[in-house]
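J.: Below you'll find start.txt; it's compact mmCIF, C-alpha atoms.
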```txt
# COMPACT_ATOMS: atom_id res chain seq x y z
CA MET I 146 2.34 -24.76 -7.76
CA PRO I 147 2.42 -27.74 -5.45
CA PRO I 148 1.98 -30.95 -7.37
CA ARG I 149 -1.25 -32.90 -7.07
CA SER I 150 -0.72 -36.48 -7.86
CA SER I 151 -3.49 -38.41 -9.52
CA THR I 152 -2.34 -41.60 -7.83
CA GLN I 153 -2.23 -41.97 -4.07
CA PRO I 154 1.16 -42.80 -2.58
CA ARG I 155 1.38 -46.46 -1.57
CA ASP I 156 2.98 -45.95 1.75
CA SER I 157 3.59 -43.19 4.24
CA ALA I 158 7.31 -42.91 3.41
CA ALA I 159 6.47 -42.15 -0.19
CA ALA I 160 3.83 -39.68 0.95
CA ASP I 161 6.34 -37.98 3.25
CA ALA I 162 8.89 -37.75 0.46
CA GLN I 163 6.29 -36.30 -1.85
CA SER I 164 5.23 -33.74 0.76
CA ALA I 165 8.82 -32.76 1.44
CA ALA I 166 9.54 -32.29 -2.26
CA ALA I 167 6.36 -30.27 -2.75
CA PHE I 168 7.21 -28.15 0.28
CA ASP I 169 10.72 -27.48 -0.98
CA ARG I 170 9.35 -26.27 -4.30
CA LEU I 171 6.77 -24.11 -2.55
CA TYR I 172 9.37 -22.63 -0.24
CA ARG I 173 11.92 -22.01 -2.98
CA ASP I 174 9.40 -20.32 -5.28
CA HIS I 175 7.57 -18.18 -2.74
CA VAL I 176 9.77 -17.41 0.27
CA ASP I 177 11.05 -14.12 -1.17
CA ARG I 178 7.55 -12.87 -1.89
CA MET I 179 6.24 -13.92 1.52
CA TYR I 180 9.17 -12.35 3.35
CA ARG I 181 8.70 -9.10 1.47
CA PHE I 182 4.98 -9.13 2.32
CA ALA I 183 5.66 -9.98 5.95
CA GLN I 184 8.20 -7.17 6.29
CA ARG I 185 5.82 -4.65 4.82
CA LEU I 186 3.11 -5.83 7.13
CA CYS I 187 5.08 -6.31 10.36
CA GLY I 188 7.83 -3.72 10.07
CA SER I 189 10.61 -5.54 11.91
CA PRO I 190 12.68 -8.30 10.29
CA ASP I 191 12.24 -10.56 13.35
CA ASP I 192 8.46 -10.31 13.28
CA ALA I 193 8.56 -10.85 9.53
CA LYS I 194 10.57 -14.06 9.96
CA ASP I 195 8.10 -15.29 12.59
CA LEU I 196 5.24 -14.64 10.21
CA VAL I 197 6.98 -16.38 7.31
CA GLN I 198 7.71 -19.37 9.54
CA GLU I 199 4.08 -19.56 10.70
CA THR I 200 2.88 -19.20 7.11
CA PHE I 201 5.00 -22.00 5.66
CA LEU I 202 4.30 -24.22 8.63
CA SER I 203 0.56 -23.84 8.06
CA ALA I 204 1.09 -24.28 4.33
CA TYR I 205 2.97 -27.53 4.95
CA ARG I 206 0.06 -28.84 7.01
CA SER I 207 -2.54 -27.99 4.39
CA LEU I 208 -0.51 -28.62 1.24
CA LYS I 209 -2.38 -31.81 0.45
CA ASP I 210 -5.72 -29.98 0.65
CA PHE I 211 -4.77 -27.23 -1.79
CA ARG I 212 -6.99 -27.71 -4.83
CA GLY I 213 -5.68 -24.95 -7.05
CA GLU I 214 -8.89 -22.90 -6.87
CA SER I 215 -6.76 -19.79 -6.43
CA SER I 216 -3.16 -19.09 -7.39
CA VAL I 217 -0.53 -20.44 -5.01
CA SER I 218 0.50 -16.92 -4.06
CA THR I 219 -3.09 -15.93 -3.18
CA TRP I 220 -3.38 -19.11 -1.13
CA LEU I 221 -0.16 -18.24 0.73
CA TYR I 222 -1.26 -14.63 1.29
CA THR I 223 -4.47 -15.99 2.82
CA ILE I 224 -2.53 -18.29 5.14
CA ALA I 225 -0.22 -15.41 6.07
CA ALA I 226 -3.19 -13.12 6.79
CA HIS I 227 -4.67 -15.73 9.15
CA ALA I 228 -1.29 -16.37 10.77
CA CYS I 229 -0.89 -12.64 11.30
CA GLN I 230 -4.26 -12.46 13.06
CA ARG I 231 -3.34 -15.42 15.28
CA MET I 232 -0.03 -13.83 16.20
CA ARG I 233 -1.77 -10.56 16.97
CA ARG I 234 -4.32 -12.26 19.23
CA LYS I 235 -1.49 -14.02 21.08
CA ARG I 236 0.17 -10.69 21.75
CA LYS I 237 -3.11 -9.17 22.87
CA GLY I 238 -2.37 -5.89 21.17
CA GLU I 239 -4.58 -2.86 21.08
CA PRO I 240 -8.11 -3.39 19.78
CA GLU I 241 -8.64 -2.59 16.13
CA ARG I 242 -9.63 1.00 15.48
CA GLU I 243 -11.80 2.43 12.76
CA LEU I 244 -10.63 5.27 10.52
CA SER I 245 -13.18 7.98 9.99
CA LEU I 246 -13.47 8.93 6.34
CA ASP I 247 -14.92 12.33 7.21
CA ALA I 248 -11.91 13.17 9.34
CA LEU I 249 -9.48 11.99 6.66
CA ILE I 250 -10.93 13.95 3.76
CA PRO I 251 -9.12 17.27 3.79
CA THR I 252 -11.29 20.33 4.18
CA ALA I 253 -11.20 22.72 1.25
CA ASP I 254 -9.21 25.25 3.27
CA GLY I 255 -7.09 23.06 5.48
CA ASP I 256 -4.96 21.03 3.11
CA MET I 257 -1.21 21.23 3.37
CA PRO I 258 1.31 20.75 0.59
CA LEU I 259 2.58 17.18 0.47
CA GLN I 260 6.23 16.72 1.26
CA VAL I 261 6.58 13.75 -1.04
CA PRO I 262 9.13 14.48 -3.79
CA GLY I 263 7.63 15.06 -7.17
CA GLU I 264 8.24 13.61 -10.57
CA ASP I 265 11.61 15.36 -10.84
CA LEU I 266 13.20 12.46 -8.92
CA SER I 267 13.92 9.24 -10.76
CA PRO I 268 12.42 6.04 -9.32
CA GLU I 269 15.89 4.99 -8.20
CA GLU I 270 16.49 8.27 -6.39
CA ARG I 271 13.10 8.01 -4.76
CA LEU I 272 13.84 4.52 -3.52
CA GLN I 273 17.15 5.68 -2.14
CA HIS I 274 15.50 8.48 -0.28
CA LYS I 275 15.95 6.92 3.14
CA GLU I 276 14.06 9.48 5.12
CA LEU I 277 11.07 9.33 2.83
CA ARG I 278 10.93 5.54 2.91
CA HIS I 279 11.16 5.65 6.67
CA SER I 280 8.29 8.15 6.78
CA LEU I 281 6.21 5.97 4.50
CA PHE I 282 6.68 2.80 6.54
CA SER I 283 6.18 4.71 9.75
CA ALA I 284 2.85 5.98 8.36
CA VAL I 285 1.88 2.50 7.14
CA HIS I 286 2.60 1.02 10.57
CA LYS I 287 0.42 3.57 12.29
CA LEU I 288 -2.50 2.19 10.33
CA PRO I 289 -4.80 -0.18 12.22
CA LYS I 290 -3.94 -3.67 10.99
CA LYS I 291 -7.08 -4.31 8.96
CA TYR I 292 -6.39 -1.17 6.92
CA ARG I 293 -2.68 -1.86 6.71
CA MET I 294 -3.30 -5.35 5.35
CA VAL I 295 -5.48 -3.97 2.54
CA LEU I 296 -2.98 -1.24 1.63
CA VAL I 297 0.00 -3.59 1.65
CA LEU I 298 -1.77 -6.25 -0.44
CA ARG I 299 -3.23 -3.81 -2.94
CA ASP I 300 -0.69 -1.00 -3.33
CA MET I 301 2.54 -2.74 -2.38
CA GLU I 302 2.01 -6.38 -3.38
CA GLY I 303 -0.08 -5.43 -6.42
CA LEU I 304 -3.10 -7.72 -5.86
CA SER I 305 -6.43 -6.73 -7.41
CA ALA I 306 -9.28 -5.61 -5.13
CA ARG I 307 -10.99 -8.94 -5.81
CA GLU I 308 -7.87 -10.90 -4.80
CA VAL I 309 -7.49 -8.83 -1.63
CA GLY I 310 -11.13 -9.61 -0.87
CA ALA I 311 -10.48 -13.32 -1.34
CA VAL I 312 -7.44 -13.19 0.95
CA MET I 313 -9.21 -11.25 3.70
CA GLY I 314 -12.71 -12.67 3.34
CA LEU I 315 -14.14 -9.28 2.37
CA THR I 316 -16.33 -8.01 -0.44
CA GLU I 317 -14.69 -5.92 -3.13
CA ARG I 318 -16.73 -2.96 -1.88
CA ALA I 319 -15.31 -3.34 1.64
CA VAL I 320 -11.77 -3.64 0.27
CA LYS I 321 -12.14 -0.41 -1.70
CA SER I 322 -13.58 1.41 1.29
CA ARG I 323 -10.72 0.34 3.57
CA LEU I 324 -8.15 1.06 0.87
CA HIS I 325 -9.38 4.61 0.36
CA ARG I 326 -9.21 5.33 4.08
CA ALA I 327 -5.77 3.77 4.36
CA ARG I 328 -4.41 5.81 1.45
CA LEU I 329 -5.83 9.05 2.83
CA PHE I 330 -4.37 8.25 6.24
CA VAL I 331 -0.89 7.65 4.81
CA ARG I 332 -1.12 10.78 2.68
CA HIS I 333 -2.20 12.71 5.77
CA GLU I 334 0.76 11.34 7.76
CA LEU I 335 3.23 12.16 5.01
CA ASN I 336 1.88 15.67 5.03
CA GLY I 337 3.14 15.94 8.57
CA GLN I 338 -0.29 16.50 10.02
CA ARG I 339 -1.37 15.26 13.42
CA THR I 340 -2.57 11.69 13.50
CA SER I 341 -5.05 11.76 16.34
CA ALA I 342 -7.92 13.35 14.44
CA PRO I 343 -8.80 10.63 11.91
CA VAL I 344 -8.98 7.73 14.33
CA GLU I 345 -12.18 6.63 16.00
CA ASP I 346 -12.63 3.96 18.62
CA MET U 125 -16.42 47.97 -25.45
CA THR U 126 -18.66 45.00 -25.05
CA THR U 127 -21.05 44.80 -22.21
CA GLY U 128 -22.53 41.80 -20.46
CA ARG U 129 -19.98 39.09 -21.32
CA ARG U 130 -16.90 38.70 -19.19
CA THR U 131 -13.78 37.78 -21.09
CA THR U 132 -11.60 36.82 -18.09
CA ARG U 133 -12.20 33.66 -16.05
CA THR U 134 -12.63 34.09 -12.35
CA PRO U 135 -11.94 31.16 -10.03
CA ARG U 136 -15.16 29.35 -9.22
CA ARG U 137 -16.02 28.65 -5.64
CA HIS U 138 -16.88 25.03 -5.06
CA SER U 139 -19.10 23.98 -2.27
CA ALA U 140 -17.36 22.00 0.44
CA VAL U 141 -20.10 19.39 0.08
CA HIS U 142 -19.34 18.85 -3.59
CA CYS U 143 -15.59 18.71 -2.95
CA ARG U 144 -16.11 16.09 -0.23
CA LYS U 145 -18.37 14.07 -2.50
CA ILE U 146 -15.65 14.05 -5.16
CA LEU U 147 -12.89 13.20 -2.68
CA ARG U 148 -14.88 10.28 -1.29
CA THR U 149 -14.59 8.50 -4.62
CA ILE U 150 -11.12 9.56 -5.60
CA SER U 151 -9.31 6.27 -4.95
CA GLU U 152 -11.71 4.46 -7.26
CA TYR U 153 -11.20 7.23 -9.82
CA LEU U 154 -7.42 6.77 -9.66
CA ASP U 155 -7.85 2.98 -9.96
CA ASN U 156 -10.11 3.39 -13.02
CA ASP U 157 -12.95 1.68 -11.18
CA LEU U 158 -15.66 4.26 -11.82
CA PRO U 159 -18.15 4.50 -14.67
CA LYS U 160 -17.18 6.86 -17.50
CA SER U 161 -19.86 9.41 -16.62
CA MET U 162 -18.52 9.75 -13.07
CA CYS U 163 -14.94 10.01 -14.30
CA ALA U 164 -16.00 12.82 -16.62
CA GLU U 165 -17.71 14.63 -13.74
CA ILE U 166 -14.62 14.27 -11.55
CA ARG U 167 -12.27 15.40 -14.33
CA LYS U 168 -14.45 18.45 -14.87
CA HIS U 169 -14.40 19.27 -11.16
CA LEU U 170 -10.65 18.78 -10.85
CA GLY U 171 -10.04 21.03 -13.84
CA ALA U 172 -11.87 23.80 -12.04
CA CYS U 173 -11.01 23.19 -8.36
CA VAL U 174 -7.35 23.74 -7.55
CA LYS U 175 -7.67 22.48 -3.99
CA CYS U 176 -9.18 19.12 -4.93
CA GLU U 177 -6.69 18.81 -7.77
CA ARG U 178 -3.88 19.27 -5.25
CA VAL U 179 -5.30 16.60 -2.94
CA VAL U 180 -5.70 14.15 -5.81
CA HIS U 181 -2.17 14.84 -7.02
CA SER U 182 -0.72 14.18 -3.57
CA LEU U 183 -2.82 11.02 -3.16
CA LYS U 184 -1.56 9.77 -6.50
CA ARG U 185 2.02 10.39 -5.38
CA THR U 186 1.35 8.54 -2.13
CA ILE U 187 0.06 5.52 -4.07
CA ASN U 188 3.07 5.60 -6.40
CA LEU U 189 5.37 5.79 -3.42
CA CYS U 190 3.72 2.69 -1.93
CA LYS U 191 4.09 0.84 -5.22
CA LYS U 192 7.80 1.58 -5.36
CA ALA U 193 8.66 1.12 -1.69
CA ASP U 194 10.91 -1.89 -1.57
CA VAL U 195 12.15 -3.72 1.51
CA ALA U 196 15.30 -5.67 2.31
CA ARG U 197 15.49 -9.21 0.96
CA LEU U 198 16.23 -12.32 2.91
CA THR U 199 19.82 -13.46 2.38
CA ALA U 200 20.56 -16.93 1.02
CA ALA U 201 21.86 -17.94 4.46
CA GLY U 202 18.74 -16.50 6.07
CA LYS U 203 16.53 -18.51 3.72
CA THR U 204 18.38 -21.71 4.52
CA ARG U 205 18.18 -21.06 8.26
CA LEU U 206 14.48 -20.28 8.08
CA ARG U 207 13.81 -23.41 6.03
CA LYS U 208 15.60 -25.51 8.64
CA GLU U 209 13.55 -23.94 11.42
CA ILE U 210 10.31 -24.63 9.57
CA LEU U 211 11.24 -28.25 8.85
CA SER U 212 12.30 -28.69 12.45
CA ALA U 213 8.88 -27.41 13.56
CA VAL U 214 7.23 -29.74 11.02
CA SER U 215 9.04 -32.74 12.50
CA ARG U 216 7.58 -31.88 15.91
CA LEU U 217 4.01 -31.88 14.55
```
Starting from the file, give its structure as structure tokens.
T.:
Amino acid sequence: MPPRSSTQPRDSAAADAQSAAAFDRLYRDHVDRMYRFAQRLCGSPDDAKDLVQETFLSAYRSLKDFRGESSVSTWLYTIAAHACQRMRRKRKGEPERELSLDALIPTADGDMPLQVPGEDLSPEERLQHKELRHSLFSAVHKLPKKYRMVLVLRDMEGLSAREVGAVMGLTERAVKSRLHRARLFVRHELNGQRTSAPVED
Amino acid sequence: MTTGRRTTRTPRRHSAVHCRKILRTISEYLDNDLPKSMCAEIRKHLGACVKCERVVHSLKRTINLCKKADVARLTAAGKTRLRKEILSAVSRL
């Protein structure tokens, strides 16, 4: 956690030194987590590095304002989420799409067997299953960003629904709704079904 | 021979509407976010509806896969380089 001094620094050099030391601690303690998050969110290592850079740059600017009302990691996830939105706006990507829950819920007759390996594989073997991991990330990256962010934060980073809501400025209810759609979408993709059906403009 | 009572179980047909209602809440069920009475209703349905049970099983596997999907780490050199780039950007602020 970045230190909050009870006494104000007497001059700007001392303040700079204090900021630099606090930043170094912040960077050292959280860069791995932020890079992992950024990679899961962005897909490519280069985009992930850009996001991490933007995140820590913003964190440096607002370090003195951090009041410890949330954990440092939640604070950084929030900064990263905003940075991600800014980067997306700059790139003028496709408009966000909505996922239709009705289209994602399998019909009683139309479900296909999932190609995900079962419990007979050890966790290590599952992680080493390159093709499967590729399929998973490919499915995750087909998700519209607002759904992807919820899935990555909740199911990959392990935040609670409340924490995800705090990061994204959403109610817990909205987080759960997006999460359910995102999970069904990924499941649907891993099943090898067509992706066009569940997406609405 | 007895009459009236059937001794063998026949698969029950579940209405598509009921199946969809169950599947709408299934993420919250898997996250233990539903009241006990609803969990009991869902468990009962899943015990009797093979198709919903299969969907739930595959969704559970999907979630587990997400939880275990790791990504490459930043190397020590990469961390140092990135830190330098950030501090260089800070100095231009």
J.: Could you work out which residues of chain U fall inside 8 Å of chain I? Count only C-alpha atoms, and format the result as a PyMOL selection string.
T.: chain U and resi 140+143-144+147-148+150-152+175-176+178-179+182-183+185-187+189-198+203+206-207+209-210+213-214
J.: What does the distance from atom CA of I:Arg242 to atom CA of I:Ala193 come to in Å, to one decimal?
T.: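 Separation of atom CA of I:Arg242 and atom CA of I:Ala193: 22.5 Å.
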J.: For atom CA of I:Glu317 and atom CA of I:Leu171, determine how far apart the two atoms are, in Å to one decimal place.
T.: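 Between these atoms lies a distance of 28.1 Å.
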J.: What is the atom CA of I:Tyr292-atom CA of I:Ala327 distance in Å, reported with one decimal?
T.: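 Taking atom CA of I:Tyr292 as the start and atom CA of I:Ala327 as the end point, the length is 5.6 Å.
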J.: Using all atoms listed in the file for the distances, tell me which of U:Arg205, U:Leu211, U:Leu170, U:Arg216 is nearest to I:Ala204.
T.: U:Leu211
J.: Kindly compute an axis-aligned box around the listed atoms of stretch 274-285 of chain I, allowing 6 Å on each side, and express its centre and edge lengths in Å to one decimal as lines of an AutoDock Vina configuration file.
T.:
```
center_x = 8.9
center_y = 6.0
center_z = 4.7
size_x = 26.1
size_y = 19.0
size_z = 22.0
```
